[in-house]
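Heads up, the thing below is written out as structure tokens.
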Amino acid sequence: MSLAPAIRMRTPRVKISFQGACVSLLIALLVFAALFGPMLAPEAIYRSDILSSLQPPSAAHWLGTDDQGRDVLWRVIVGTRTTLLSAIAIVTAYSLIGVAVATIAASGPRWLDEALMRVTDVGLSLPSMIVALGFAAALGPSLQSAIIAQSITGWPITARILRNVMHQTMEAPFVAGAHVIGVSRWRLMTRHVLPNSLDVLIVKWTSDIGGTVLILSSLSFIGVGAQPPSTEWGAMIAGARGYVSTAWWTVLAPGIALAITSVAFGLLGDMIQAWRDPSLRESR
Amino acid sequence: MMMQPNPAGRPAPVPGEAPLLSVDNLCVSIRVDDRSVNIVDGVSFSIRRGERVALVGESGSGKSVTARALMRLERRMKATGSIVCDGRDILKLSDGEMRRVRGGTIGMVFQDPMSFLDPLRTIGDQIAETLRIRGVSRRDAERKALHILDELKVERAAERLTAYPHEFSGGMRQRVVLAMALIGDPRLLIADEPTTALDVRVQDQVLALLDEISRSRGLSVLFITHDLGIVAGFADRVMVMYAGSVVEDGDVYSTFAAPRHPYTRGLLDAVPRIDRDSDRLASIRGTPPHVFARPQGCPFHPRCDRAFERCVIERPVLRELGGMRVACHRPEPEAAR
Amino acid sequence: MKLFTLDSVCKSFAAKTGNPTRVLNDVSFDVATGETLGLVGESGSGKSTIAKCMLKLLRPDSGSVVFDGIDVPNARGAELSRFRREVQLVFQDPYGSLNPRMTAGELIAEGLLVHGLEPNGAARRRQAQHLMGLVGLDPDNIDRYPNSFSGGQRQRIAIARALACRPRLLVCDEPVAALDVSVQAQVINLLQDMRAEFDLTVVFIAHDLAVVRHLCQRIIVLHRGEIVEQGSREEIFGNPRMPYTQSLLAAVPIPDPVLAQRRRTAVQEA
Amino acid sequence: MSRARSYLWFFAKRLGTVVFALWSLGSLVFLMIKVIPGDEAQIAAGPDASPDQVALVRQRLGLDASVIVQYFRFWGRLLHGDLGTSITTFQPVLLDLERTLPSTLELVVVAMLINLSVSIPAGLIAAARRGGRTDGLFRVLAVILGGMPAFWLALMLQYLLAARYRLLPISGQNSYGMEPPRWTGVPTLDAIAAGNMASLLDALTYIVLPAAVLAVLYSTQIFRALRTSLLGVLESDFIMAVRAKGATERRVLIGHAFPNSINPVLTLAGTQLGAMIGAAVLVETVFARRGIGTYMFNAVAQKDMYAVLGSVLFIGAIVCLINLVVDVLQIVVDPRIRAAQFGRS
């Protein structure tokens with residue numbers, strides 16, 4: 001019986017190393033593209049060149065050109081920065097709200113916990129994409145609106161999960177032990193409860209980036225986010241959707257970039273979870 | 001039945017009779033990373049018909065894995081050696097034949113009755129399932145379930161059949177688990193720490209029940225436990241496991257009176273007793289080794305006061321010694337106490 | 001001299017449905033300075049709830065809990081601080097009772113830190129190492145995390161942590177229940193040694209009557225939130241008066257087949 | 001407390017949450033209206049309106065009153081089912097939504113059916129063959145499909161299957177002349193009601209691709225949840241006890257593991273229903289179905305704020321109600337939750 005955890009903690013390591021290599025490579029590529037893409041990109045991708053529009057993939061343009069004659073591959077690479085930065089900003093913003101709500105709920109008086117959780121319930125029961133769509137539309141269609149809208153609507157799940165984990169941690173015997181030894185409330189939260197609860201937040205932060213990228217591009221696609229000349233991937237697809245049947249590559253490339261980003265961060269989240277989960281960790 | 005209980009309550013051995021279960025050089029291994037680790041490391045023993053054998057050990061000793069290997073329930077582990085039960089080698093059976101053995105020839109009772117019951121099915125359903133699997137009609141299976149609950153002294157058994165596990169107390173649940181194991185009329189009952197999760201008084205009742213049933217049915221029992229008190233009260237024979245192998249095997253009276261393996265001796269001295277005062281417990285130093293970090297040579301040598309060079313190098317095999325079997329290079333003297 | 005007094009303590013827990021369940025019903029007892037008191041009972045007897053009330057982890061519904069002049073449920077400020085220093089706890093679960101994110105040294109010295117007993121970090125560390133040696137741990141392992149210790153070693157850490165503030169009273173809630181037999185004896189012996197070394201008063205909560213007999217001078221038997229019987233070790237184990245206590249004692253298995261057989265025949269004859 | 005009363009209390013609490021949610025949603029929408037940049041009256045009156053006209057509009061819309069008065073008037077209108085008037089269709093928004101809702105519901109229901117009928121067998125098979133090739137393949141597929149943006153997948157499949165290989169119609173809900181008489185507004189249901197097989201088949205060819213695209217993301221979620229849940233349950237002690245009775249693996253999986261794993265899956269499917277209505281917006285747009293999604297898309301494009309916000313409110317309300325139903329269903333299904341909520345029977 002004492003054996004079961006020992007076995008579980010050892011087996012995943014092998015799998016992770018293969019999966020890990022792939023995921024690290026993808027993340028490295030994405031980060032590299034976000035950091036250096038805009039610097040390295042030829043200036044031509046910002047200008048339209050109608051003469052060379054909608055060219056199929058060739059040696060000069062590996063993924064073809066769009067309706068304005070701009071290189072699709074370079075535009076996708078350049079778009080990485082917009083997309084990743086926006087997603088990170090969104091997830092960080094609503095994670096902070098979530099942590100604040102969860103911490104207040106978990107450490108505050110019962111009625112406050114109850115009230116905050118009811119509000120969170122409401123947030124959970126509303127379809128976040130629709131609400132974000134409403135907000136973004138009301139703020140006026142732009143990338144900033146989409147970012148603000150998603151930041152406002154994304155926190156409830158984080159808050160709920162973190163609060164539940166913190167409650168669980170507070171039930172742990174070692175927290176009672178810290179009480180008995182006489183630690184202050186502040187030390188109890190910062191040294192005992194939070195460090196043992198934040199793993200879930202790190203995991204969620206990471207894997208949420210993938211999902212956020214998708215919603216962000218969806219909002220752009222529907223017209224309330226980034227607007228077409230932008231290199232944001234959703235906006236690129238929205239701009240290219242009229243040419244699907246004549247120039248499929250204009251839609252294909254940004255979509256694949258989206259899929260890769262969302263898969264990579266989703267898997268990274270899984271990996272961090274497997275790595276940080278104490279029950280999966282080795283006992284020696 | 002053929003055997004007569006002797007005054008001490010255990011069946012006299014019948015010469016020449018084939019044992020119900022004989023296990024020979026059983027190894028159970030698991031793959032970890034790229035190597036295979038033996039959790040059970042060459043265990044051999046046999047159980048006669050009607051005999052009640054206790055398998056004692058601490059955590060990581062491999063006692064539960066041994067028990068489950070007898071039923072081929074450890075799916076991610078590989079078992080080698082031979083397990084002959086009622087004339088058939090368990091390890092060579094097809095999956096279909098094995099299923100007939102499970103719940104048929106061999107019944108099994110587990111430690112924590114709550115976690116071993118399906119929370120979504122009624123008690124009656126779960127007891128009858130053993131028979132339903134074997135094509136018995138629902139009505140007959142339920143009648144048999146009722147009958148067996150009566151045998152296990154469950155009051156108002158008929159109403160209980162339609163209840164769910166969460167509506168039962170711990171002792172009642174353990175009876176249900178027992179009923180699940182007994183309804184297929186097994187020859188061998190494997191009980192894996194069946195009373196560890198229970199309070200002492202309930203434990204006492206369940207043990208008495210198990211005692212009575214195994215006697216009246218002539219059932220062989222393999223009782224896995226860490227509690228030497230239960231061994232003394234219930235078993236005819238005791239096998240002590242340490243780090244994957246049996247280190248001592250003998251009848252309870254001789255073993256408890258004069259254990260020959262230093263580990264058994266240490267265990268007996270380390271247990272506080274309800275029936276007498278003591279100033280200080282003798283303790284074994286160190287801790288039982290983790291499955292993945294078992295010492296070379298005799299696995300007990302780092303904790304043993306009697307160890308000498310040979311123990312470090314050579315792993316002792318289980319050998320016959322004055323009517324018992326002991327795996328030790330330097331066993332305790334015969335009349336140690 | 002009375003160090004700890006519980007007087008008519010009652011405690012109920014709210015149930016999802018129906019009436020609240022009463023877990024402690026009018027429990028009163030004293031703990032005398034220097035004694036080792038055993039609280040025994042089956043699951044649901046309320047023994048752990050008593051421990052929580054004694055340690056100010058739960059507030060009793062009624063009744064008083066007094067430690068050396070401190071009204072425990074209402075203690076604040078300096079009084080509470082003294083209470084937290086002088087009364088310590090050792091838990092059952094050696095896996096959950098130590099914060100996995102703190103090293104052995106940090107855990108052991110935490111009491112010294114929070115009570116300001118040793119403001120100097122290096123000195124705290126030296127004290128933690130000294131305590132580790134005292135409870136039979138290798139002081140070189142001071143920077144390792146709990147999950148690299150075995151169950152018995154963790155329980156030693158827990159004991160060292162509890163002793164760091166030089167408490168007067170130690171509450172042990174099933175401290176050996178989760179340990180292997182061979183390790184259990186080590187921890188029991190350690191508790192005995194520390195009791196002598198630190199001049200401790202001990203409240204020992206357990207379901208294992210044999211361990212209680214071994215360790216405790218006075219025993220309180222609990223059943224369904226009430227005290228059934230209390231008395232000295234000799235009284236409880238030699239001549240139990242209440243039928244419940246008798247049935248409890250009769251059910252404890254004895255690791256001796258001859259005695260077990262004798263007892264079984266006696267029961268069958270009766 | 002008696003059992004009946006605790007049931008009642010439970011429903012009252014749930015209903016309270018729903019009412020609270022609807023109130024919050026309404027207030028949010030009011031807030032959205034207030035954050036719209038620019039002068040509301042100016043927008044409503046049109047960019048070319050004279051100051052007098054704007055003032056008139058302001059008065060007519062009640063925008064000269066205090067925000068609090070406006071807030072109460074807003075609720076008064078909402079409670080009368082007045083979500084405002086669309087500036088593109090010149091109809092009450094509620095009427096537009098009622099007209100478009102059936103198509104969206106059809107899409108979501110069909111998508112949910114596809115979702116469950118793919119993900120549940122896949123989850124069962126993967127868990128039964130844990131660590132095997134099938135399991136690996138399914139997991140890789142789930143990861144990849146789960147990362148694909150729905151609108152992009154819709155565009156690509158539309159191009160491949162409809163435009164290029166002409167296996168399915170490109171967009172719309174029916175072929176010309178195949179519309180069944182409108183009764184429920186759901187093409188497939190109307191076709192069944194009319195007893196028109198040809199029309200039903202026609203409607204099905206139109207819905208299968210959009211519904212499948214909508215189902216993809218959600219079925220990967222259900223697959224993962226079910227697989228994880230099953231693997232957890234299959235490790236649990238009582239499964240070993242069932243095996244010890246001599247049960248076949250099939251019996252273990254279907255008879256014991258599956259019922260015990262279904263709870264988190266149900267919860268997830270419940271929350272998915274809401275999310276799917278949201279995501280339907282994207283899919284409908286691509287396939288030009290006459291649902292709420294297309295309606296919203298057009299409203300966004302036309303800056304028809306009342307139509308957008310009315311849709312938000314409307315969808316939110318429907319999702320809240322669905323959540324309520326799912327909660328109740330869950331209580332009915334699981335005796336343990338029943339016991340935890342309402343005590344032993």
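Identifiers in this document derive from the order of the structure tokens: chains are assigned A, B, ..., residues are numbered from 1 separately in each chain, and ligands are numbered from 1 in order of occurrence.
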Would you pick out the contacts of region 191-208 of chain C at 7 Å or less, using only C-alpha atoms, so that residues sharing its chain but fewer than 3 positions from it are not included, and give the list as number ranges by chain? C: 33-42, 47, 168-174, 187-188, 211-212
Return as a list in words the residues belonging to chain D that are within 6 Å of chain B, counting only C-alpha atoms. Asp237, Phe238, Ala241, Ala244, Lys245 and Gly246 of chain D
Those same residues - all heavy atoms - I'd like them written as an mmCIF file, in the first residue's frame.
```cif
data_model
loop_
_atom_site.group_PDB
_atom_site.id
_atom_site.type_symbol
_atom_site.label_atom_id
_atom_site.label_comp_id
_atom_site.auth_asym_id
_atom_site.auth_seq_id
_atom_site.Cartn_x
_atom_site.Cartn_y
_atom_site.Cartn_z
ATOM 1 N N ASP D 237 -10.264 0.795 -4.564
ATOM 2 C CA ASP D 237 -10.300 -0.509 -3.920
ATOM 3 C C ASP D 237 -11.487 -1.355 -4.352
ATOM 4 O O ASP D 237 -11.366 -2.548 -4.561
ATOM 5 C CB ASP D 237 -10.331 -0.319 -2.407
ATOM 6 C CG ASP D 237 -9.061 0.318 -1.891
ATOM 7 O OD1 ASP D 237 -8.035 0.158 -2.562
ATOM 8 O OD2 ASP D 237 -9.094 0.954 -0.836
ATOM 9 N N PHE D 238 -12.655 -0.699 -4.490
ATOM 10 C CA PHE D 238 -13.826 -1.534 -4.726
ATOM 11 C C PHE D 238 -13.783 -2.203 -6.097
ATOM 12 O O PHE D 238 -14.380 -3.259 -6.298
ATOM 13 C CB PHE D 238 -15.128 -0.749 -4.512
ATOM 14 C CG PHE D 238 -15.501 0.190 -5.618
ATOM 15 C CD1 PHE D 238 -16.222 -0.260 -6.708
ATOM 16 C CD2 PHE D 238 -15.149 1.523 -5.556
ATOM 17 C CE1 PHE D 238 -16.583 0.606 -7.714
ATOM 18 C CE2 PHE D 238 -15.505 2.390 -6.555
ATOM 19 C CZ PHE D 238 -16.220 1.931 -7.640
ATOM 20 N N ALA D 241 -12.202 -5.316 -5.535
ATOM 21 C CA ALA D 241 -13.151 -6.246 -4.924
ATOM 22 C C ALA D 241 -14.056 -6.857 -5.983
ATOM 23 O O ALA D 241 -14.393 -8.039 -5.914
ATOM 24 C CB ALA D 241 -13.973 -5.535 -3.852
ATOM 25 N N ALA D 244 -12.157 -9.393 -7.719
ATOM 26 C CA ALA D 244 -11.964 -10.566 -6.868
ATOM 27 C C ALA D 244 -13.192 -11.461 -6.869
ATOM 28 O O ALA D 244 -13.132 -12.608 -6.454
ATOM 29 C CB ALA D 244 -11.633 -10.132 -5.443
ATOM 30 N N LYS D 245 -14.333 -10.932 -7.301
ATOM 31 C CA LYS D 245 -15.528 -11.761 -7.410
ATOM 32 C C LYS D 245 -15.497 -12.574 -8.696
ATOM 33 O O LYS D 245 -16.353 -13.416 -8.915
ATOM 34 C CB LYS D 245 -16.782 -10.891 -7.467
ATOM 35 C CG LYS D 245 -17.133 -10.166 -6.205
ATOM 36 C CD LYS D 245 -18.404 -9.366 -6.481
ATOM 37 C CE LYS D 245 -18.596 -8.284 -5.463
ATOM 38 N NZ LYS D 245 -19.741 -7.426 -5.821
ATOM 39 N N GLY D 246 -14.560 -12.259 -9.576
ATOM 40 C CA GLY D 246 -14.491 -12.983 -10.839
ATOM 41 C C GLY D 246 -15.176 -12.274 -11.986
ATOM 42 O O GLY D 246 -15.482 -12.888 -12.998
#
```
Residues of region 149-262 of chain C classed as strand (DSSP E) by DSSP on the backbone are to be reported as a VMD selection string. chain C and resid 169 to 173 201 to 206 218 to 223 226 to 232
Restricting it to N, CA, C and O atoms, dump the selection as a CSV table (one decimal), in the first residue's frame.
```csv
chain,number,residue,atom,x,y,z
C,169,LEU,N,3.2,21.1,29.1
C,169,LEU,CA,2.2,20.0,28.8
C,169,LEU,C,2.3,19.6,27.3
C,169,LEU,O,2.4,20.5,26.4
C,170,LEU,N,2.3,18.3,27.1
C,170,LEU,CA,2.4,17.8,25.8
C,170,LEU,C,1.1,17.0,25.5
C,170,LEU,O,0.8,16.0,26.3
C,171,VAL,N,0.4,17.3,24.5
C,171,VAL,CA,-0.8,16.5,24.1
C,171,VAL,C,-0.4,15.7,23.0
C,171,VAL,O,0.1,16.2,22.0
C,172,CYS,N,-0.6,14.4,23.1
C,172,CYS,CA,-0.2,13.5,22.0
C,172,CYS,C,-1.5,12.8,21.5
C,172,CYS,O,-2.2,12.1,22.2
C,173,ASP,N,-1.8,13.1,20.3
C,173,ASP,CA,-3.1,12.6,19.7
C,173,ASP,C,-2.7,11.4,18.8
C,173,ASP,O,-2.3,11.6,17.7
C,201,THR,N,4.3,17.1,31.6
C,201,THR,CA,3.0,16.5,31.9
C,201,THR,C,2.5,16.1,30.5
C,201,THR,O,2.6,16.8,29.5
C,202,VAL,N,1.9,14.9,30.4
C,202,VAL,CA,1.5,14.4,29.1
C,202,VAL,C,0.0,14.0,29.1
C,202,VAL,O,-0.4,13.3,30.1
C,203,VAL,N,-0.7,14.4,28.1
C,203,VAL,CA,-2.0,13.8,27.9
C,203,VAL,C,-1.9,13.0,26.6
C,203,VAL,O,-1.6,13.5,25.5
C,204,PHE,N,-2.2,11.7,26.8
C,204,PHE,CA,-1.9,10.8,25.7
C,204,PHE,C,-3.2,10.2,25.2
C,204,PHE,O,-3.9,9.5,26.0
C,205,ILE,N,-3.6,10.5,24.0
C,205,ILE,CA,-4.8,10.1,23.4
C,205,ILE,C,-4.6,8.9,22.5
C,205,ILE,O,-3.8,9.0,21.6
C,206,ALA,N,-5.3,7.8,22.7
C,206,ALA,CA,-5.1,6.6,21.9
C,206,ALA,C,-6.3,5.7,21.9
C,206,ALA,O,-7.1,5.8,22.8
C,218,ARG,N,-2.6,7.3,34.7
C,218,ARG,CA,-4.0,7.5,35.0
C,218,ARG,C,-4.7,7.4,33.7
C,218,ARG,O,-4.2,7.9,32.7
C,219,ILE,N,-5.9,6.8,33.7
C,219,ILE,CA,-6.6,6.6,32.4
C,219,ILE,C,-8.1,7.0,32.5
C,219,ILE,O,-8.7,6.8,33.6
C,220,ILE,N,-8.5,7.7,31.5
C,220,ILE,CA,-9.9,8.0,31.4
C,220,ILE,C,-10.5,7.3,30.2
C,220,ILE,O,-10.0,7.3,29.1
C,221,VAL,N,-11.6,6.6,30.4
C,221,VAL,CA,-12.2,5.8,29.3
C,221,VAL,C,-13.4,6.6,28.8
C,221,VAL,O,-14.3,7.0,29.6
C,222,LEU,N,-13.5,6.9,27.5
C,222,LEU,CA,-14.5,7.6,27.0
C,222,LEU,C,-15.4,6.8,26.1
C,222,LEU,O,-14.9,5.8,25.4
C,223,HIS,N,-16.7,7.1,26.0
C,223,HIS,CA,-17.6,6.4,25.1
C,223,HIS,C,-18.7,7.4,24.7
C,223,HIS,O,-19.4,7.9,25.6
C,226,GLU,N,-18.9,10.8,26.5
C,226,GLU,CA,-18.9,10.9,27.9
C,226,GLU,C,-17.8,10.0,28.6
C,226,GLU,O,-17.4,9.1,28.0
C,227,ILE,N,-17.5,10.5,29.8
C,227,ILE,CA,-16.5,9.7,30.5
C,227,ILE,C,-17.2,8.5,31.2
C,227,ILE,O,-18.1,8.7,31.9
C,228,VAL,N,-16.7,7.3,30.8
C,228,VAL,CA,-17.3,6.1,31.4
C,228,VAL,C,-16.7,5.8,32.7
C,228,VAL,O,-17.3,5.4,33.7
C,229,GLU,N,-15.4,5.9,32.8
C,229,GLU,CA,-14.6,5.5,33.9
C,229,GLU,C,-13.3,6.1,34.0
C,229,GLU,O,-12.7,6.3,32.9
C,230,GLN,N,-12.8,6.6,35.1
C,230,GLN,CA,-11.5,7.0,35.2
C,230,GLN,C,-10.8,6.4,36.5
C,230,GLN,O,-11.5,6.2,37.5
C,231,GLY,N,-9.5,6.2,36.4
C,231,GLY,CA,-8.8,5.7,37.5
C,231,GLY,C,-7.4,5.4,37.2
C,231,GLY,O,-6.9,5.7,36.1
C,232,SER,N,-6.7,4.9,38.2
C,232,SER,CA,-5.2,4.7,38.0
C,232,SER,C,-5.1,3.5,37.0
C,232,SER,O,-6.0,2.8,36.8
```
Write out as a PyMOL selection string the set of residues from region 12-79 of chain D that DSSP, computed on the backbone, places in alpha helix (DSSP H). chain D and resi 12-35+40-45+51-60+67-79
Which residues, written as a list of chain:residue names, have at least one atom at most 10 Å from Ile125 (chain D), with only C-alpha atoms counted and residues fewer than 5 positions away on the same chain left out? D:Ser119, D:Ile120, D:Arg130, D:Thr134, D:Asp135, D:Phe138, D:Arg227, D:Leu253
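Straight-line separation from CA of Ala34 (chain A) to CA of Gln150 (chain A): 21.1 Å.
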Starting from chain B, keep only residues with some atom at most 9 Å from an atom of chain C, counting only C-alpha atoms, and report them as a PyMOL selection string. chain B and resi 8-9+58-59+198-205+226-235+252-253+256-257+266-268+270-288
Quick one: residues within 8 Å of Pro259 (chain B), only C-alpha atoms, excluding same-chain residues fewer than 4 positions away - as a list in words? Ser254, Thr255, Thr264, Arg265, Glu332, Glu334 and Ala336 of chain B
Write out the residues from the selection above, keeping N, CA, C and O atoms, as a compact mmCIF listing (two decimals), in the first residue's frame.
```
# COMPACT_ATOMS: atom_id res chain seq x y z
N SER B 254 4.76 -22.55 18.94
CA SER B 254 6.22 -22.56 19.02
C SER B 254 6.79 -21.21 18.65
O SER B 254 7.73 -20.73 19.29
N THR B 255 6.23 -20.59 17.63
CA THR B 255 6.80 -19.34 17.17
C THR B 255 6.71 -18.25 18.24
O THR B 255 7.66 -17.52 18.49
N THR B 264 11.44 -11.63 14.11
CA THR B 264 10.23 -12.06 14.81
C THR B 264 10.37 -11.78 16.30
O THR B 264 9.47 -11.27 16.95
N ARG B 265 11.51 -12.13 16.80
CA ARG B 265 11.81 -11.93 18.21
C ARG B 265 11.66 -10.44 18.55
O ARG B 265 11.00 -10.05 19.52
N GLU B 332 18.04 -17.38 16.54
CA GLU B 332 17.97 -17.31 18.00
C GLU B 332 18.04 -18.74 18.55
O GLU B 332 17.58 -19.68 17.90
N GLU B 334 17.16 -22.13 20.63
CA GLU B 334 15.86 -22.78 20.57
C GLU B 334 14.93 -22.36 21.71
O GLU B 334 13.77 -22.06 21.49
N ALA B 336 14.73 -19.61 23.71
CA ALA B 336 15.23 -18.27 24.01
C ALA B 336 14.55 -17.69 25.25
O ALA B 336 15.15 -16.92 25.97
```
With chain D as the partner and 6 Å as the cut-off, tabulate the residues of chain A that qualify, each row holding the nearest pair of atoms and their distance in Å to one decimal, using only C-alpha atoms, sorted by chain and rising number, as JSON lines.
```
{"residue": "A:Val122", "atom": "CA", "partner": "D:Ala21", "partner_atom": "CA", "distance": 4.8}
{"residue": "A:Ser125", "atom": "CA", "partner": "D:Cys320", "partner_atom": "CA", "distance": 5.9}
{"residue": "A:Leu126", "atom": "CA", "partner": "D:Gly316", "partner_atom": "CA", "distance": 5.6}
{"residue": "A:Pro127", "atom": "CA", "partner": "D:Ala275", "partner_atom": "CA", "distance": 5.5}
{"residue": "A:Ile130", "atom": "CA", "partner": "D:Gly278", "partner_atom": "CA", "distance": 5.5}
{"residue": "A:Gly134", "atom": "CA", "partner": "D:Leu309", "partner_atom": "CA", "distance": 6.0}
{"residue": "A:Ala138", "atom": "CA", "partner": "D:Ile36", "partner_atom": "CA", "distance": 4.8}
{"residue": "A:Leu139", "atom": "CA", "partner": "D:Ile36", "partner_atom": "CA", "distance": 5.4}
{"residue": "A:Leu214", "atom": "CA", "partner": "D:Pro149", "partner_atom": "CA", "distance": 5.8}
{"residue": "A:Ser245", "atom": "CA", "partner": "D:Tyr159", "partner_atom": "CA", "distance": 6.0}
{"residue": "A:Gly255", "atom": "CA", "partner": "D:Trp152", "partner_atom": "CA", "distance": 5.9}
{"residue": "A:Ala259", "atom": "CA", "partner": "D:Met148", "partner_atom": "CA", "distance": 4.7}
{"residue": "A:Ser262", "atom": "CA", "partner": "D:Gly147", "partner_atom": "CA", "distance": 5.1}
{"residue": "A:Val263", "atom": "CA", "partner": "D:Gly147", "partner_atom": "CA", "distance": 5.0}
```
Near chain A, meaning an atom within 10 Å, which residues of chain C appear when counting only C-alpha atoms? Write them as a PyMOL selection string. chain C and resi 52+55-57+80-102+107+110-115+144-150+158+161-162+164-165
Excluding same-chain residues fewer than 3 positions from Trp62 (chain A), what lies within 12 Å of it counting only C-alpha atoms, as number ranges by chain? A: 55-59, 65-66, 70-76, 249-250, 253
Can you pull out every residue within 12 Å of Gly69 (chain C), counting only C-alpha atoms, but drop anything in the same chain fewer than 4 positions away, and send it as an MDAnalysis selection string? chainID C and resid 2:5 64:65 74:75 79:80 82:83
